[in-house]
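**Student:** The structure file run_26.cif (mmCIF, C-alpha atoms and all ligand atoms) is provided below.
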```cif
data_upload
loop_
_atom_site.label_atom_id
_atom_site.label_comp_id
_atom_site.auth_asym_id
_atom_site.auth_seq_id
_atom_site.Cartn_x
_atom_site.Cartn_y
_atom_site.Cartn_z
CA MET A 539 2.29 3.18 35.36
CA LYS A 540 2.70 2.96 31.58
CA ASN A 541 6.16 1.84 30.40
CA PHE A 542 6.94 4.14 27.45
CA TYR A 543 9.49 1.67 26.07
CA GLN A 544 7.12 -1.30 26.10
CA PRO A 545 6.16 -2.10 22.49
CA GLN A 546 2.74 -3.47 21.64
CA ALA A 547 2.02 -5.87 18.79
CA VAL A 548 -0.07 -4.73 15.83
CA ILE A 549 -1.24 -6.89 12.93
CA ILE A 550 -1.02 -5.77 9.31
CA LYS A 551 -4.58 -5.69 7.97
CA ASN A 552 -3.83 -4.25 4.56
CA ILE A 553 -0.92 -3.08 2.42
CA LYS A 554 -1.32 -0.67 -0.45
CA ILE A 555 1.48 0.21 -2.84
CA GLN A 556 1.76 3.99 -3.29
CA THR A 557 4.93 4.33 -5.34
CA LYS A 558 7.84 2.02 -6.12
CA ASP A 559 9.37 2.89 -2.71
CA VAL A 560 6.35 3.72 -0.55
CA LYS A 561 3.72 1.42 0.96
CA LEU A 562 0.68 2.28 3.08
CA PHE A 563 0.16 -0.13 6.00
CA THR A 564 -3.19 -0.52 7.74
CA LEU A 565 -2.60 -1.73 11.30
CA ARG A 566 -4.72 -2.96 14.17
CA PHE A 567 -3.58 -3.83 17.68
CA LYS A 568 -3.43 -7.53 18.48
CA LYS A 569 -5.10 -6.85 21.84
CA GLU A 570 -8.55 -5.23 21.72
CA LYS A 571 -7.74 -3.23 24.85
CA ASP A 572 -4.71 -1.63 23.18
CA GLN A 573 -6.77 -0.72 20.11
CA LYS A 574 -9.45 0.90 22.30
CA ASN A 575 -6.90 2.96 24.24
CA PHE A 576 -5.08 4.25 21.16
CA PHE A 577 -5.72 7.91 20.37
CA PHE A 578 -3.48 10.35 18.55
CA VAL A 579 -3.39 13.89 17.22
CA PRO A 580 -2.49 14.28 13.52
CA GLY A 581 1.22 15.12 13.34
CA GLN A 582 2.16 12.68 16.11
CA PHE A 583 4.27 9.62 15.31
CA ILE A 584 4.87 6.08 16.49
CA GLU A 585 8.09 4.10 16.81
CA ALA A 586 7.61 0.95 14.73
CA GLY A 587 10.03 -1.97 14.90
CA LEU A 588 10.75 -5.54 13.91
CA PHE A 589 12.76 -7.91 16.14
CA GLY A 590 16.36 -7.92 14.90
CA PHE A 591 15.88 -4.93 12.61
CA GLY A 592 15.52 -2.05 15.06
CA GLU A 593 12.83 0.59 15.16
CA ALA A 594 12.20 4.01 13.62
CA PRO A 595 9.65 6.82 13.82
CA PHE A 596 6.75 6.94 11.38
CA ALA A 597 4.01 9.57 11.19
CA LEU A 598 0.45 8.45 11.78
CA CYS A 599 -1.43 9.17 8.58
CA SER A 600 -5.05 8.07 9.04
CA SER A 601 -8.06 9.76 10.63
CA ASN A 602 -7.81 9.91 14.40
CA LEU A 603 -11.54 9.22 14.57
CA ASN A 604 -11.12 5.73 13.19
CA GLU A 605 -11.41 3.31 16.10
CA ASN A 606 -10.82 0.15 14.05
CA PHE A 607 -7.37 0.71 12.63
CA PHE A 608 -4.63 3.24 12.01
CA GLN A 609 -2.20 3.71 9.13
CA ILE A 610 1.45 4.50 8.48
CA CYS A 611 3.12 5.03 5.15
CA VAL A 612 6.66 3.71 4.84
CA ARG A 613 9.35 4.71 2.36
CA ARG A 614 12.00 2.06 1.77
CA VAL A 615 15.39 3.62 2.57
CA GLY A 616 17.37 1.23 4.78
CA GLN A 617 17.48 -1.95 6.84
CA LEU A 618 14.20 -1.65 8.76
CA THR A 619 12.06 -0.20 6.00
CA GLU A 620 13.45 -2.73 3.50
CA LYS A 621 12.28 -5.51 5.82
CA MET A 622 8.91 -3.79 6.43
CA HIS A 623 8.31 -3.69 2.68
CA LYS A 624 8.67 -7.50 2.59
CA LEU A 625 5.93 -8.02 5.21
CA LYS A 626 2.56 -9.51 4.30
CA ILE A 627 -1.01 -9.08 5.53
CA GLY A 628 -1.31 -10.91 8.88
CA ASP A 629 2.32 -10.25 9.89
CA GLU A 630 3.14 -8.47 13.16
CA ILE A 631 4.93 -5.18 13.84
CA GLN A 632 5.88 -3.88 17.29
CA ILE A 633 4.95 -0.30 17.99
CA ARG A 634 5.35 2.28 20.76
CA GLY A 635 3.54 5.59 21.05
CA PRO A 636 1.89 7.77 19.93
CA TYR A 637 4.58 10.33 20.72
CA GLY A 638 5.21 14.03 20.41
CA GLN A 639 3.09 17.07 19.76
CA GLY A 640 0.92 17.06 16.65
CA PHE A 641 -0.72 19.80 14.65
CA LEU A 642 -3.44 21.67 16.54
CA GLU A 643 -6.49 19.78 17.61
CA ILE A 644 -8.38 20.49 14.40
CA ASN A 645 -11.71 22.23 14.71
CA ASN A 646 -13.95 22.95 11.77
CA SER A 647 -13.82 26.74 12.06
CA THR A 648 -10.29 27.29 10.81
CA ASN A 649 -9.07 28.16 7.32
CA LEU A 650 -6.24 25.78 6.68
CA LEU A 651 -3.44 25.94 4.17
CA LEU A 652 -1.74 22.54 4.06
CA ILE A 653 1.61 22.44 2.29
CA GLY A 654 3.26 19.09 1.65
CA GLY A 655 6.46 18.41 -0.24
CA GLY A 656 7.24 14.81 -1.30
CA ILE A 657 6.64 12.34 1.52
CA GLY A 658 5.79 15.35 3.70
CA LEU A 659 2.23 14.68 2.61
CA ILE A 660 2.17 11.64 4.92
CA PRO A 661 1.44 13.40 8.26
CA LEU A 662 -0.80 15.92 6.49
CA ARG A 663 -2.96 13.04 5.29
CA ALA A 664 -3.90 12.46 8.95
CA VAL A 665 -5.17 16.05 9.06
CA ILE A 666 -7.09 15.57 5.80
CA GLN A 667 -8.65 12.23 6.76
CA THR A 668 -9.63 13.55 10.19
CA ILE A 669 -11.34 16.59 8.65
CA LYS A 670 -13.06 14.28 6.16
CA ASP A 671 -14.50 12.22 9.03
CA LYS A 672 -15.33 15.24 11.19
CA GLY A 673 -17.08 17.22 8.48
CA GLN A 674 -16.08 20.67 7.33
CA ASN A 675 -17.81 23.96 8.11
CA LYS A 676 -18.86 25.40 4.73
CA ASN A 677 -17.66 28.90 5.67
CA ASN A 678 -14.11 27.70 6.11
CA LYS A 679 -11.67 26.73 3.45
CA ILE A 680 -9.00 24.11 3.27
CA ILE A 681 -6.37 24.32 0.61
CA LEU A 682 -3.76 21.66 -0.06
CA PHE A 683 -0.58 22.51 -1.94
CA TYR A 684 1.27 19.34 -2.84
CA GLY A 685 4.56 19.22 -4.69
CA ALA A 686 6.37 16.15 -5.97
CA LYS A 687 9.12 15.37 -8.47
CA ASN A 688 6.96 13.56 -11.00
CA TYR A 689 3.61 11.79 -11.38
CA ASN A 690 4.96 8.40 -10.27
CA GLU A 691 6.05 9.89 -6.93
CA LEU A 692 2.59 11.20 -6.00
CA LEU A 693 1.12 9.54 -2.90
CA PHE A 694 -2.55 8.68 -2.26
CA LYS A 695 -3.54 9.27 -5.91
CA ASP A 696 -6.80 7.34 -5.63
CA GLU A 697 -7.97 9.59 -2.77
CA TYR A 698 -7.81 12.98 -4.52
CA LYS A 699 -11.36 12.80 -5.90
CA GLU A 700 -12.73 12.26 -2.40
CA TRP A 701 -10.52 15.04 -0.96
CA GLU A 702 -11.68 17.51 -3.60
CA LYS A 703 -15.19 17.30 -2.17
CA PHE A 704 -14.02 19.33 0.84
CA LEU A 705 -10.70 20.93 -0.07
CA ASP A 706 -9.01 22.77 -2.94
CA LEU A 707 -6.24 20.55 -4.17
CA HIS A 708 -3.32 22.07 -6.07
CA ILE A 709 -0.60 19.74 -7.27
CA ILE A 710 2.65 20.82 -8.84
CA LEU A 711 5.30 18.56 -10.35
CA GLU A 712 8.93 19.49 -10.72
CA LYS A 713 9.88 17.21 -13.61
CA PRO A 714 6.73 15.71 -15.15
CA ASN A 715 6.61 13.88 -18.43
CA SER A 716 4.86 15.39 -21.44
CA LYS A 717 1.44 13.86 -20.53
CA TRP A 718 1.08 16.02 -17.37
CA LYS A 719 -1.42 18.84 -17.94
CA GLY A 720 -1.17 20.43 -14.47
CA SER A 721 1.20 22.94 -12.87
CA ILE A 722 4.93 22.55 -13.35
CA GLY A 723 7.64 23.92 -11.06
CA LEU A 724 8.31 24.29 -7.35
CA ILE A 725 5.62 24.40 -4.70
CA THR A 726 6.06 28.15 -4.15
CA ALA A 727 4.63 28.74 -7.65
CA LEU A 728 1.22 27.68 -6.30
CA PHE A 729 0.98 30.76 -4.10
CA ASN A 730 -0.32 32.85 -7.01
CA GLU A 731 -3.47 30.78 -7.38
CA PRO A 732 -6.20 30.23 -4.83
CA GLU A 733 -8.97 32.20 -3.26
CA LEU A 734 -7.94 31.47 0.33
CA LEU A 735 -4.98 33.70 -0.10
CA LYS A 736 -7.38 36.62 -0.35
CA THR A 737 -8.70 35.69 3.11
CA LYS A 738 -7.48 37.83 6.01
CA SER A 739 -4.12 36.48 7.12
CA TYR A 740 -5.07 36.14 10.80
CA GLN A 741 -7.80 33.72 9.76
CA ILE A 742 -5.37 31.26 8.19
CA LYS A 743 -3.32 28.53 9.80
CA ALA A 744 -0.61 26.94 7.68
CA PHE A 745 0.59 23.35 8.29
CA LEU A 746 3.85 22.44 6.53
CA CYS A 747 5.70 19.20 6.08
CA GLY A 748 8.49 18.60 3.61
CA PRO A 749 12.23 18.92 3.08
CA PRO A 750 14.09 21.76 4.88
CA ILE A 751 14.76 23.62 1.62
CA MET A 752 10.99 23.79 1.00
CA TYR A 753 10.45 25.37 4.43
CA LYS A 754 12.87 28.18 3.68
CA PHE A 755 11.06 29.35 0.54
CA VAL A 756 7.50 28.56 1.65
CA ILE A 757 7.99 30.54 4.87
CA GLN A 758 9.01 33.56 2.80
CA LYS A 759 5.73 33.25 0.87
CA LEU A 760 3.68 32.87 4.06
CA LYS A 761 5.35 35.97 5.49
CA GLU A 762 4.46 37.91 2.34
CA LEU A 763 0.86 36.91 3.06
CA LYS A 764 1.31 38.27 6.60
CA ILE A 765 0.41 34.99 8.27
CA SER A 766 1.76 35.30 11.80
CA ASP A 767 4.56 33.04 13.08
CA LYS A 768 2.29 31.47 15.67
CA ASN A 769 -0.09 30.35 12.91
CA ILE A 770 2.62 28.62 10.86
CA PHE A 771 3.18 25.02 12.00
CA LEU A 772 6.08 22.89 10.74
CA SER A 773 6.86 19.25 11.28
CA LEU A 774 10.61 18.75 11.83
CA GLU A 775 12.54 15.57 11.15
CA ARG A 776 15.55 14.59 13.24
CA ARG A 777 17.26 11.27 13.84
CA MET A 778 15.60 9.70 16.88
CA HIS A 779 16.21 6.82 19.25
CA CYS A 780 14.04 6.80 22.36
CA GLY A 781 11.22 8.97 21.01
CA VAL A 782 10.36 10.18 24.52
CA GLY A 783 12.89 12.89 25.43
CA ILE A 784 15.47 10.76 27.24
CA CYS A 785 18.36 9.86 24.91
CA GLN A 786 19.15 13.42 23.63
CA HIS A 787 19.49 12.25 20.02
CA CYS A 788 16.97 14.72 18.62
CA ALA A 789 17.85 17.70 20.81
CA ILE A 790 17.92 21.20 19.31
CA ASN A 791 19.25 23.38 22.12
CA SER A 792 16.81 22.93 24.99
CA LYS A 793 14.05 21.28 22.93
CA TYR A 794 13.56 17.67 21.92
CA VAL A 795 12.00 17.14 18.50
CA CYS A 796 10.48 13.83 19.69
CA LYS A 797 8.80 15.21 22.81
CA ASP A 798 8.31 18.95 22.24
CA GLY A 799 7.67 18.42 18.48
CA PRO A 800 7.87 17.13 15.81
CA VAL A 801 5.34 19.90 15.12
CA PHE A 802 6.39 23.38 16.25
CA ASN A 803 5.08 26.78 15.37
CA LEU A 804 7.48 29.15 13.68
CA ALA A 805 7.74 31.39 16.74
CA GLU A 806 8.95 28.39 18.80
CA ILE A 807 11.44 27.41 16.10
CA GLN A 808 12.90 30.90 16.03
CA GLU A 809 13.35 30.76 19.80
CA MET A 810 15.23 27.46 19.38
CA SER A 811 17.52 29.34 16.92
CA PHE A 812 19.32 26.40 15.39
C1 LIG B 1 9.15 12.29 13.44
C2 LIG B 1 9.51 11.45 12.24
C3 LIG B 1 8.50 10.93 11.43
C4 LIG B 1 8.82 10.14 10.34
N1 LIG B 1 7.80 9.67 9.56
C5 LIG B 1 8.08 8.87 8.52
C6 LIG B 1 7.02 8.35 7.73
O1 LIG B 1 5.84 8.62 7.96
N2 LIG B 1 7.35 7.53 6.70
C7 LIG B 1 8.66 7.22 6.41
O2 LIG B 1 8.89 6.46 5.46
N3 LIG B 1 9.68 7.71 7.13
C8 LIG B 1 9.43 8.52 8.19
N4 LIG B 1 10.45 9.01 8.94
C9 LIG B 1 11.85 8.63 8.59
C10 LIG B 1 12.16 7.21 9.06
O3 LIG B 1 12.03 7.12 10.47
C11 LIG B 1 13.60 6.85 8.63
O4 LIG B 1 13.63 6.80 7.24
C12 LIG B 1 14.08 5.51 9.24
O5 LIG B 1 15.31 5.73 9.86
C13 LIG B 1 14.28 4.41 8.25
O6 LIG B 1 14.89 3.31 8.92
P1 LIG B 1 15.80 2.28 8.12
O7 LIG B 1 16.41 1.34 9.09
O8 LIG B 1 15.00 1.67 7.01
O9 LIG B 1 16.88 3.18 7.44
P2 LIG B 1 18.22 3.75 8.11
O10 LIG B 1 19.25 2.67 7.98
O11 LIG B 1 17.93 4.31 9.47
O12 LIG B 1 18.55 4.96 7.14
C14 LIG B 1 18.63 4.82 5.75
C15 LIG B 1 19.05 6.15 5.14
O13 LIG B 1 18.16 7.21 5.51
C16 LIG B 1 18.87 8.25 6.20
N5 LIG B 1 18.00 8.71 7.31
C17 LIG B 1 17.38 7.95 8.23
N6 LIG B 1 16.66 8.70 9.07
C18 LIG B 1 16.83 9.96 8.69
C19 LIG B 1 16.34 11.21 9.17
N7 LIG B 1 15.52 11.31 10.22
N8 LIG B 1 16.73 12.32 8.52
C20 LIG B 1 17.55 12.25 7.45
N9 LIG B 1 18.02 11.10 6.95
C21 LIG B 1 17.68 9.97 7.55
C22 LIG B 1 20.14 7.58 6.69
O14 LIG B 1 21.20 8.52 6.80
C23 LIG B 1 20.42 6.60 5.59
O15 LIG B 1 21.06 7.19 4.51
C24 LIG B 1 10.18 9.83 10.03
C25 LIG B 1 11.20 10.34 10.84
C26 LIG B 1 10.87 11.15 11.92
C27 LIG B 1 11.97 11.68 12.79
S1 LIG B 2 14.77 10.66 20.43
FE1 LIG B 2 15.60 10.45 22.39
S2 LIG B 2 15.42 12.47 23.17
FE2 LIG B 2 14.38 12.58 21.27
#
```
Take the structure in the file and give it back as C-alpha cells.
**Tutor:**
Amino acid sequence: MKNFYQPQAVIIKNIKIQTKDVKLFTLRFKKEKDQKNFFFVPGQFIEAGLFGFGEAPFALCSSNLNENFFQICVRRVGQLTEKMHKLKIGDEIQIRGPYGQGFLEINNSTNLLLIGGGIGLIPLRAVIQTIKDKGQNKNNKIILFYGAKNYNELLFKDEYKEWEKFLDLHIILEKPNSKWKGSIGLITALFNEPELLKTKSYQIKAFLCGPPIMYKFVIQKLKELKISDKNIFLSLERRMHCGVGICQHCAINSKYVCKDGPVFNLAEIQEMSF
C-alpha cells in the first residue's frame, strides 16, 4: 500500500527566473519508476520539502502529458521558499503527491475562460500547457484573462507568443509604467472585450485562480454573463500541513481544501458557506 507521507526525491533539471521573487523549477524523479508512475490533473498540487526547512504545497504548472519532467513555480516568501530559491540545477527536493482535486479533466470541446490574478496564473499554466500538447478543437475558444500589478510581475512572459496560437490572451496591469500600451486597471475591466462572452453561457466553463478579493468581483461578472455555478471553478488557498485530509489544518466546515479541493465549483463552495 502506498504511504502518502513518504516523500520521493526529484532532481532539479532547470531553473528559470520569472520575476525577482518567482522561479520556475523543472523537476524529474530520481527513480525512473517514480517518474513513470507520476500523473496529475491540472489544478492538483504537490508538497515539496527540503530536509530541515519543512515542506509546503505548490501547484503543478506544466502539461500533464509530459512524461519526462514536471514543473512548479515558487514565490519566495519565507523559510522554505527562500532556501528553494538558493538551489541549483542537480540539487534534490523531496516531494509528496500529487494531491487534491484539480480542474476538470480537460477535453477539447469546451469553451474555457481562464482568469488568473497574480501568481494565480501558476496552476492555470498547467491547463494551458496541457491544452497546447493535446491540441485544441477549432470550434472551441479559450480565453485567458491575466491581471498583475505591473510588467515586472508578469509570469511566463516568453510563452505568450506560443499561447496566442491557440488562445485569446488579455493582460491587464494595475500600475504599469508609461511604456505599457495594453489595458490598465483591474481584471474585471477585461469582461467588456472578447468574443467568447457572446457565446451561450451554458457553453462556457470558467477556471479562476487568484486572491480572494478577485474572486468576489469576478464572480459577480460571471453571474452577469449567466454562467452557472457548477461551471465556475475556483482554486482555494488555505494553510496546509498533511495535504491528505488528516490533520484538519485546511478544513472549511466538513470539507478539506487539500483533499476535496483545492479546486471547487461555486455550487460546492456555497454549500460549504464559510
Ligand atoms: C494548494 C496550494 C497551492 C500553492 N501553490 C503555490 C505555488 O504554486 N507557488 C507558490 O509560490 N506558492 C504556492 N502556495 C503557497 C505556498 O505553499 C506558501 O507560500 C508556503 O507556505 C511558503 O513556505 P515558506 O516556508 O517559504 O513560507 P512561510 O514561512 O510558510 O510563510 C511566509 C509568509 O507567507 C504567509 N503564508 C504562507 N502560506 C500561506 C497561505 N496558504 N495563505 C496565506 N498566507 C500564507 C505566511 O503567513 C507568512 O507571512 C500554495 C499554497 C496552497 C495551499
Ligand atoms: S492539510 Fe491536513 S487536512 Fe488538509
**Student:** Could you give me the residues within 12 Å of ligand LIG 2 (chain B), counting all atoms listed in the file, as a ChimeraX atom specification?
**Tutor:** /A:542-543,583-585,593-595,637-638,774-800
**Student:** Using all atoms listed in the file, collect all residues at a distance of at most 8 Å from (-14.6, 25.5, 6.8) as written in the file, then present them as a PDB file with C-alpha atoms, keeping the file's coordinate frame.
**Tutor:**
```pdb
ATOM      1  CA  ASN A 646     -13.950  22.950  11.770  1.00  0.00           C
ATOM      2  CA  SER A 647     -13.820  26.740  12.060  1.00  0.00           C
ATOM      3  CA  THR A 648     -10.290  27.290  10.810  1.00  0.00           C
ATOM      4  CA  ASN A 649      -9.070  28.160   7.320  1.00  0.00           C
ATOM      5  CA  GLN A 674     -16.080  20.670   7.330  1.00  0.00           C
ATOM      6  CA  ASN A 675     -17.810  23.960   8.110  1.00  0.00           C
ATOM      7  CA  LYS A 676     -18.860  25.400   4.730  1.00  0.00           C
ATOM      8  CA  ASN A 677     -17.660  28.900   5.670  1.00  0.00           C
ATOM      9  CA  ASN A 678     -14.110  27.700   6.110  1.00  0.00           C
ATOM     10  CA  LYS A 679     -11.670  26.730   3.450  1.00  0.00           C
ATOM     11  CA  ILE A 680      -9.000  24.110   3.270  1.00  0.00           C
TER      12      ILE A 680
END
```
**Student:** With only C-alpha atoms as the atoms that count, which of A:Leu652, A:Lys719, A:Leu659, A:Ile666 lies nearest to Leu760 (chain A)?
**Tutor:**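 Closest to Leu760 (chain A) of all the choices is A:Leu652.
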**Student:** Which residues come within 9 Å of Asp671 (chain A), counting all atoms listed in the file, excluding same-chain residues fewer than 6 positions away, as a VMD selection string?
**Tutor:** chain A and resid 601 to 604
**Student:** Could you check how far CA of Cys611 (chain A) sits from atom O1 of ligand LIG 1 (chain B), in Å to one decimal?
**Tutor:**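 Separation between CA of Cys611 (chain A) and atom O1 of ligand LIG 1 (chain B): 5.3 Å.
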**Student:** What's around region 694-698 of chain A at 9 Å? Count all atoms listed in the file, leave out sequence neighbours fewer than 2 positions away in its own chain, and write the answer as a list in words.
**Tutor:**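 Within the cut-off, the hits are Gln556, Leu562, Arg663, Leu692, Glu700, Trp701, Glu702, Lys703 and Leu707 of chain A.
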**Student:** May I ask which of the residues A:Ile722, A:Val756, A:Met810, A:Ala597 is the closest one to ligand LIG 1 (chain B), counting only C-alpha atoms and all ligand atoms?
**Tutor:**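 Among A:Ile722, A:Val756, A:Met810, A:Ala597, it is A:Ala597 that comes nearest to ligand LIG 1 (chain B).
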**Student:** Would you compute the distance between CA of Phe567 (chain A) and atom C25 of ligand LIG 1 (chain B)? Give it in Å to one decimal.
**Tutor:**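 Result for CA of Phe567 (chain A) versus atom C25 of ligand LIG 1 (chain B): 21.6 Å, one decimal.
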**Student:** Which centre and edge lengths in Å to one decimal define the box along x, y and z that fits every listed atom of ligand LIG 1 (chain B) plus 8 Å per side, as lines of an AutoDock Vina configuration file?
**Tutor:**
```
center_x = 13.5
center_y = 6.8
center_z = 9.0
size_x = 31.4
size_y = 27.0
size_z = 24.9
```
**Student:** Go through A:Ile627, A:Leu682, A:Leu693, A:Val801 and flag the residue nearest Val612 (chain A), using all atoms listed in the file for the distances.
**Tutor:**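 Closest to Val612 (chain A), using all atoms listed in the file: A:Leu693.
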**Student:** Counting only C-alpha atoms, find the residues whose atoms lie at most 7 Å from (0.0, -0.7, 3.8) (file coordinates) and write them out as a PyMOL selection string.
**Tutor:** chain A and resi 552-555+561-564+611
**Student:** Point out the residue among A:Phe704, A:Phe802, A:Phe591, A:Tyr684 with the least atom-to-atom distance to ligand LIG 1 (chain B), counting only C-alpha atoms and all ligand atoms.
**Tutor:**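 Of all the options, A:Phe591 lies closest to ligand LIG 1 (chain B).
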**Student:** Calculate how many Å separate atom O14 of ligand LIG 1 (chain B) from CA of Gly658 (chain A), rounding to one decimal.
**Tutor:** 17.1 Å
**Student:** Kindly indicate which residue among A:Gln546, A:Thr619, A:Gln758, A:Asn606 lies nearest to ligand LIG 1 (chain B), using all atoms listed in the file for the distances.
**Tutor:** A:Thr619
**Student:** From the structure block, carefully write region 698-719 of chain A out with N, CA and C atoms; format it as a PDB file, in the first residue's frame.
**Tutor:**
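decode-v9.pdb, freshly written:
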```pdb
ATOM      1  N   TYR A 698       3.959  33.739 -24.107  1.00  0.00           N
ATOM      2  CA  TYR A 698       2.692  34.312 -24.586  1.00  0.00           C
ATOM      3  C   TYR A 698       2.510  34.133 -26.092  1.00  0.00           C
ATOM      4  N   LYS A 699       3.595  34.301 -26.842  1.00  0.00           N
ATOM      5  CA  LYS A 699       3.502  34.183 -28.306  1.00  0.00           C
ATOM      6  C   LYS A 699       2.981  32.808 -28.695  1.00  0.00           C
ATOM      7  N   GLU A 700       3.512  31.797 -28.042  1.00  0.00           N
ATOM      8  CA  GLU A 700       3.111  30.406 -28.292  1.00  0.00           C
ATOM      9  C   GLU A 700       1.646  30.215 -27.874  1.00  0.00           C
ATOM     10  N   TRP A 701       1.269  30.739 -26.718  1.00  0.00           N
ATOM     11  CA  TRP A 701      -0.105  30.603 -26.218  1.00  0.00           C
ATOM     12  C   TRP A 701      -1.105  31.254 -27.181  1.00  0.00           C
ATOM     13  N   GLU A 702      -0.683  32.391 -27.766  1.00  0.00           N
ATOM     14  CA  GLU A 702      -1.629  33.132 -28.614  1.00  0.00           C
ATOM     15  C   GLU A 702      -1.956  32.401 -29.901  1.00  0.00           C
ATOM     16  N   LYS A 703      -1.243  31.311 -30.170  1.00  0.00           N
ATOM     17  CA  LYS A 703      -1.602  30.487 -31.334  1.00  0.00           C
ATOM     18  C   LYS A 703      -2.898  29.711 -31.093  1.00  0.00           C
ATOM     19  N   PHE A 704      -3.266  29.499 -29.819  1.00  0.00           N
ATOM     20  CA  PHE A 704      -4.482  28.716 -29.567  1.00  0.00           C
ATOM     21  C   PHE A 704      -5.415  29.336 -28.528  1.00  0.00           C
ATOM     22  N   LEU A 705      -5.031  30.494 -27.985  1.00  0.00           N
ATOM     23  CA  LEU A 705      -5.980  31.155 -27.071  1.00  0.00           C
ATOM     24  C   LEU A 705      -5.933  32.672 -27.251  1.00  0.00           C
ATOM     25  N   ASP A 706      -7.005  33.330 -26.799  1.00  0.00           N
ATOM     26  CA  ASP A 706      -7.040  34.803 -26.801  1.00  0.00           C
ATOM     27  C   ASP A 706      -6.503  35.275 -25.463  1.00  0.00           C
ATOM     28  N   LEU A 707      -5.381  35.952 -25.520  1.00  0.00           N
ATOM     29  CA  LEU A 707      -4.751  36.404 -24.281  1.00  0.00           C
ATOM     30  C   LEU A 707      -5.067  37.877 -24.039  1.00  0.00           C
ATOM     31  N   HIS A 708      -5.577  38.174 -22.858  1.00  0.00           N
ATOM     32  CA  HIS A 708      -5.869  39.564 -22.480  1.00  0.00           C
ATOM     33  C   HIS A 708      -5.184  39.840 -21.154  1.00  0.00           C
ATOM     34  N   ILE A 709      -4.234  40.763 -21.199  1.00  0.00           N
ATOM     35  CA  ILE A 709      -3.484  41.094 -19.984  1.00  0.00           C
ATOM     36  C   ILE A 709      -3.869  42.496 -19.533  1.00  0.00           C
ATOM     37  N   ILE A 710      -4.021  42.646 -18.238  1.00  0.00           N
ATOM     38  CA  ILE A 710      -4.294  43.977 -17.696  1.00  0.00           C
ATOM     39  C   ILE A 710      -3.364  44.229 -16.506  1.00  0.00           C
ATOM     40  N   LEU A 711      -2.799  45.423 -16.474  1.00  0.00           N
ATOM     41  CA  LEU A 711      -1.880  45.773 -15.381  1.00  0.00           C
ATOM     42  C   LEU A 711      -2.504  46.881 -14.529  1.00  0.00           C
ATOM     43  N   GLU A 712      -2.300  46.727 -13.222  1.00  0.00           N
ATOM     44  CA  GLU A 712      -2.918  47.687 -12.306  1.00  0.00           C
ATOM     45  C   GLU A 712      -2.134  49.000 -12.268  1.00  0.00           C
ATOM     46  N   LYS A 713      -0.800  48.867 -12.146  1.00  0.00           N
ATOM     47  CA  LYS A 713       0.018  50.087 -12.031  1.00  0.00           C
ATOM     48  C   LYS A 713       1.215  50.005 -12.971  1.00  0.00           C
ATOM     49  N   PRO A 714       0.979  50.047 -14.285  1.00  0.00           N
ATOM     50  CA  PRO A 714       2.108  49.927 -15.215  1.00  0.00           C
ATOM     51  C   PRO A 714       2.893  51.228 -15.305  1.00  0.00           C
ATOM     52  N   ASN A 715       4.092  51.129 -15.866  1.00  0.00           N
ATOM     53  CA  ASN A 715       4.807  52.381 -16.131  1.00  0.00           C
ATOM     54  C   ASN A 715       4.336  52.936 -17.480  1.00  0.00           C
ATOM     55  N   SER A 716       4.881  54.072 -17.872  1.00  0.00           N
ATOM     56  CA  SER A 716       4.334  54.789 -19.031  1.00  0.00           C
ATOM     57  C   SER A 716       4.579  54.055 -20.362  1.00  0.00           C
ATOM     58  N   LYS A 717       5.480  53.044 -20.376  1.00  0.00           N
ATOM     59  CA  LYS A 717       5.774  52.320 -21.628  1.00  0.00           C
ATOM     60  C   LYS A 717       4.670  51.312 -21.987  1.00  0.00           C
ATOM     61  N   TRP A 718       3.864  50.908 -21.026  1.00  0.00           N
ATOM     62  CA  TRP A 718       2.833  49.874 -21.251  1.00  0.00           C
ATOM     63  C   TRP A 718       1.730  50.406 -22.161  1.00  0.00           C
ATOM     64  N   LYS A 719       1.476  49.666 -23.259  1.00  0.00           N
ATOM     65  CA  LYS A 719       0.477  50.127 -24.230  1.00  0.00           C
ATOM     66  C   LYS A 719      -0.850  49.362 -24.095  1.00  0.00           C
TER      67      LYS A 719
END
```
